[in-house]
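Visitor: My structure is below; once you've seen it, I'll send some questions.
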Amino acid sequence: MAQPTPIQFLWIVRPPKPLHSDENLARRQAALLRLSAEIAAALDEDEICQRVVHGLRDQALGYHFVGLFLVDEATGDRVMRAAVGWEDTSAGWRVPKGEGLSARALEDGEVHYTPDVTKEPLYIPGLSTGSEIDVPLIIEGQPAGVLVVESETPEAFAKEDQDILTAAATQASIAIARARLVESQRQLLASERRRADEQQALLETMADLSAELELPKLLQSVLRRAVSLLGVSGGELAIYDEGTRELEIVANHAMEQVSVGTRLAVGEGAMGHVAQTREPLIITDYEEWAGRSERYATVDAHAAVVLPLVVAGQLVGVIDFWHSDPNRQFGPEDHRLLKLFATQAAVAIENARLYTSARRQKQYFAELVRNSPVAIVTLDPDHHIVSINPAFEKLYGYTEQEVLGGNLDNLITTEQTLAEAVAYTNEASDHAVKGIGQRRRKDGTLVDVEVLAVPVDVDGERVGIMGLYHDISELLTARRDAEAANSAKSQFLASMSHELRTPLNAIIGYSEMLQEDAEEAEQSSFIPDLEKIHAAGRHLLALINDILDLSKIEAGKMELYREEFDIERIVQEVATTVRPLVEKTGNTLEVSLGPELGTMHSDLTRTRQVLLNLLSNAAKFTENGSITLHAGRERNGSGGDDIVFRVADTGIGMTPEQLGRLFEAFSQADVTTSSKYGGTGLGLAISRRFCRMMGGDVTVESAPGEGSVFTVRLPAAAPEGSSAPDAVAAHGAVGSAQGEGAAGSVLVIDDDPAARTLMARILAKEGFGVREAPDGETGLRLAREERPDVITLDVIMPGMDGWTVLSALKEDPALSDIPVVMLSIVDDKNLGFALGASEYLTKPIDRERLAVVLARYRRAGGDATVLVVDDDAATRSVLRRALEQQGWRVAEAENGRVALERVGEGRPELVLLDLLMPEMDGFEFLAAFRERDGCRGVPVVVITGKELTDAERRRLNGGVEWIVEKRGLDRDRLVRHLRDLTAGQRAAAVEQS
């Protein structure tokens, strides 16, 4: 509207002519009464203000220009609520605080009369003359408005006018205060009613949360209720997908375009923006908003509000509401309600997700149990059956209806297995129990099962037991078949060792003889080829031996013998043994020992074998360099000690690819390395298996041209196995089972008292006097003191093992001539067996070794007959030639039966016997041979490639006098050893004569 001119601030009243009559007074009082009644009857502020100004214009009162202003508490402005007499003004006109004459009445709360407005400073010029009276409206003790009455006549108002206007202002103040109180009560009631509606809506939402957990239906219900309560046009709710970083709209309400299923990227549109910022967004005009998504181009939305849905700091979704009315804006009450519903929606989403996840997980495990091939049964805390799966029904033949509520142990056990089953069940109440047993089916038959019983806890409370039964009938059958197959495999390996070594005997033997013939005939051109044949045969022999070792490890036939031994001592012994090999290729060997090495409880023989293998490999791949053997003791992560051996060399080194296959059986670095250095590719594989059998491992670090470092880490105390013999027992009684004996004296060195006693009884029956020693040190002392005719020596002993004792005996000139019979249960490389044999030679036969062995049994001053018993003609031919060159007479037999016939023709002085032969094998021949008169004392040398079983060794025990393990000692050591035996035999013959 047009702004009024300053002159329009005045309301002019032409005062009535003075009335002195009672009639005029009565008329004015009647007018005031009517005004009071009109004011009292008004319902709100606007109506009160209108009735005040129109009532004062009554003809009886005569005021023509009247205005009523109320103060705006927010700004202090005077806002005109009603006026008469001035047509250009209207309600809503504002007079700023402090301006105009009427401002004084608001400042001090008093009536102000201005007889001549032109003389007042606050007067806004407009009239040349006039008067004004301003009466304040006092509400609740404070000026809240002003009644303004004007006249264009100076000094127009009398004392009577002031009284009338004051009374009218008072009536107006009372009426406005009453109207405001009523309005306040009405608003309070409306607010309470609205809050009640909100509470009801929230209660209904919470009820939905309890009754409906399917997310789409639930969110649709929450969204519909929020739109209704807010009184907006519509809304949407989207769930945030963490995997794709997208919003998917799952519910909308009052939209012409169905948006359910729409996916929005984070940052796209209003909802995507809130998902990105996680802050509420208020848009006053969505049509003009710059971030509006093209997907919502046709949506008729103006004001909009979008809120993130957050639970425990994690975004779960976004909710938005909008209104199509341009005048509708979202205020504080809207924001409060929106937050309430946003919280409820977030909780709904999270609960529904948890419910869906729990339901899927329950279905998942239910399907697992239902489709499991293992029989599963669940029990309550009282051990009654709650459920079974189809596999249980199939295994035991019961239906679920037949077993529910029953006692499981009584259902599937016999009298013999009931106690075991009850024990499992009771134990499973505290912890998981596993075992193997038999259970009874419905038809009474028994089934072998593996049982697993586990307690079931929920929120820390034991709610029952789950039992699992795996039918292992076929597994046990397969196990028995596997054991049978393994036995067949072992037999096959034993047979193959014989079959493979038999032709090797011919190859190696003939190559040696042909070399001798070539040398005698001075045909040197043949010698290199013959040496290659001989070397190839030896290489093949080493390969066969390693394969058999590896096969025994994989078949579980290789066992450990754990004992206590000094670490520094074994390191020095290994270094002494391997030093010639190291120096052969121009290398130097250094030994480094850490502090406080102490002792180790493990397998001495295997440990020595591993170190020898690593050192021989280092010597093979290093030329004119250095090799270092270090031993140290280190703490491990389990609180114990590890013994760490490191073999470092400056050799050719290895590439990463070569390192990757280094410990694989039959694997070598590469073709070039294999062709240059040779080897079977089994040594490191066997060494690693030995280390792991002892609870440790072997690792390697290497680089091409920089050498290699092999690290063996073994526990100082083996994790399992027998402990070392007691020190008192090991150094216990030393005595004589018999006197010196007609047959001679024998010193038995063995740590096992039972073995010593058994050996003493056997020897005593043969007429020997026996002395016993429980350990190597005692045995050496007695050997020096007693000078026995023969020594029997166990290989595996604590402290000083048999090989160490043997070395000490042979290094002592006073003892070196005493024959030593090695006794051991160990079947391993570089170890011999002693089960009462004279000799045990293996194929292929070393001719020098054979010559030395035979020299012991040659008859002094004359020819002796040797009976060669072997089904292989080539082997017999090689042996005949070798024997005849040594001056022996030779008789041959292709099997045991023919051999007995040859014995009938004449008693031999020595028998060379193969064990595996057709018709009558070596074992059967030996038993029959010993029964013949005069044959009991004939030495028998077993020559075979067969791996002896324990039973076969027992069959040989006492039947022969010596056994050398098939891969035996090295050639030089064997020749020296047999020379000592020969000297002993001759000395014995002289003594007997």
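Residue names in the structure tokens use chain letters A, B, ... in the order shown, residue numbers from 1 in each chain, and ligand numbers from 1 in the order shown.
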Quick one: everything within 7 Å of A:Val866, counting only C-alpha atoms, minus sequence neighbours fewer than 3 positions away in the same chain. Send it as a PyMOL selection string.

Guide: chain A and resi 888-891+908-911

Visitor: Excluding A:Ala716 and residues on its chain fewer than 6 positions from it, collect all residues at most 8 Å away from it, counting only C-alpha atoms, and give them as a ChimeraX atom specification.

Guide: /A:599-602,640-643

Visitor: Atoms to include: N, CA, C and O atoms. Write the selected residues as a compact mmCIF listing (two decimals), in the first residue's frame.

Guide:
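Output saved as part.txt:
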```txt
# COMPACT_ATOMS: atom_id res chain seq x y z
N THR A 599 74.08 -80.35 26.20
CA THR A 599 73.65 -81.61 25.60
C THR A 599 72.33 -81.43 24.86
O THR A 599 71.66 -80.41 24.99
N MET A 600 71.97 -82.47 24.16
CA MET A 600 70.75 -82.46 23.34
C MET A 600 70.09 -83.83 23.48
O MET A 600 70.77 -84.87 23.51
N HIS A 601 68.77 -83.86 23.61
CA HIS A 601 68.03 -85.12 23.71
C HIS A 601 67.25 -85.32 22.41
O HIS A 601 66.18 -84.76 22.21
N SER A 602 67.85 -86.10 21.52
CA SER A 602 67.23 -86.31 20.21
C SER A 602 67.85 -87.56 19.60
O SER A 602 68.47 -88.37 20.30
N GLY A 640 61.50 -72.82 25.45
CA GLY A 640 62.55 -73.82 25.49
C GLY A 640 63.76 -73.39 24.68
O GLY A 640 63.86 -72.25 24.22
N ASP A 641 64.68 -74.34 24.50
CA ASP A 641 65.89 -74.06 23.73
C ASP A 641 65.87 -74.81 22.41
O ASP A 641 65.35 -75.92 22.31
N ASP A 642 66.44 -74.16 21.40
CA ASP A 642 66.69 -74.79 20.11
C ASP A 642 68.19 -74.91 19.91
O ASP A 642 68.96 -74.01 20.30
N ILE A 643 68.61 -76.01 19.31
CA ILE A 643 69.99 -76.15 18.89
C ILE A 643 70.02 -75.81 17.40
O ILE A 643 69.32 -76.43 16.61
```

Visitor: I'd like the neighbourhood of A:Ala423 as a PyMOL selection string, where a residue qualifies if any of its atoms comes within 12 Å (using only C-alpha atoms), though same-chain residues fewer than 3 positions away should be ignored.

Guide: chain A and resi 409+417-420+426-430+433-435+453

Visitor: Could you check the closest approach to A:Val148 for each of A:Leu230, A:Cys935, A:Leu379, A:Leu70 and tell me which residue wins, using only C-alpha atoms?

Guide: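 The closest residue to A:Val148 is A:Leu70.
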
Visitor: Between A:Thr865, A:Glu596, A:Gln363, A:Gln572, single out the one closest to A:Glu905, counting only C-alpha atoms.

Guide: A:Thr865

Visitor: In Å, with one decimal, what is the gap from atom CA of A:Gly651 to atom CA of A:Phe621?

Guide: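 About the pair atom CA of A:Gly651 and atom CA of A:Phe621: they are 5.5 Å apart.
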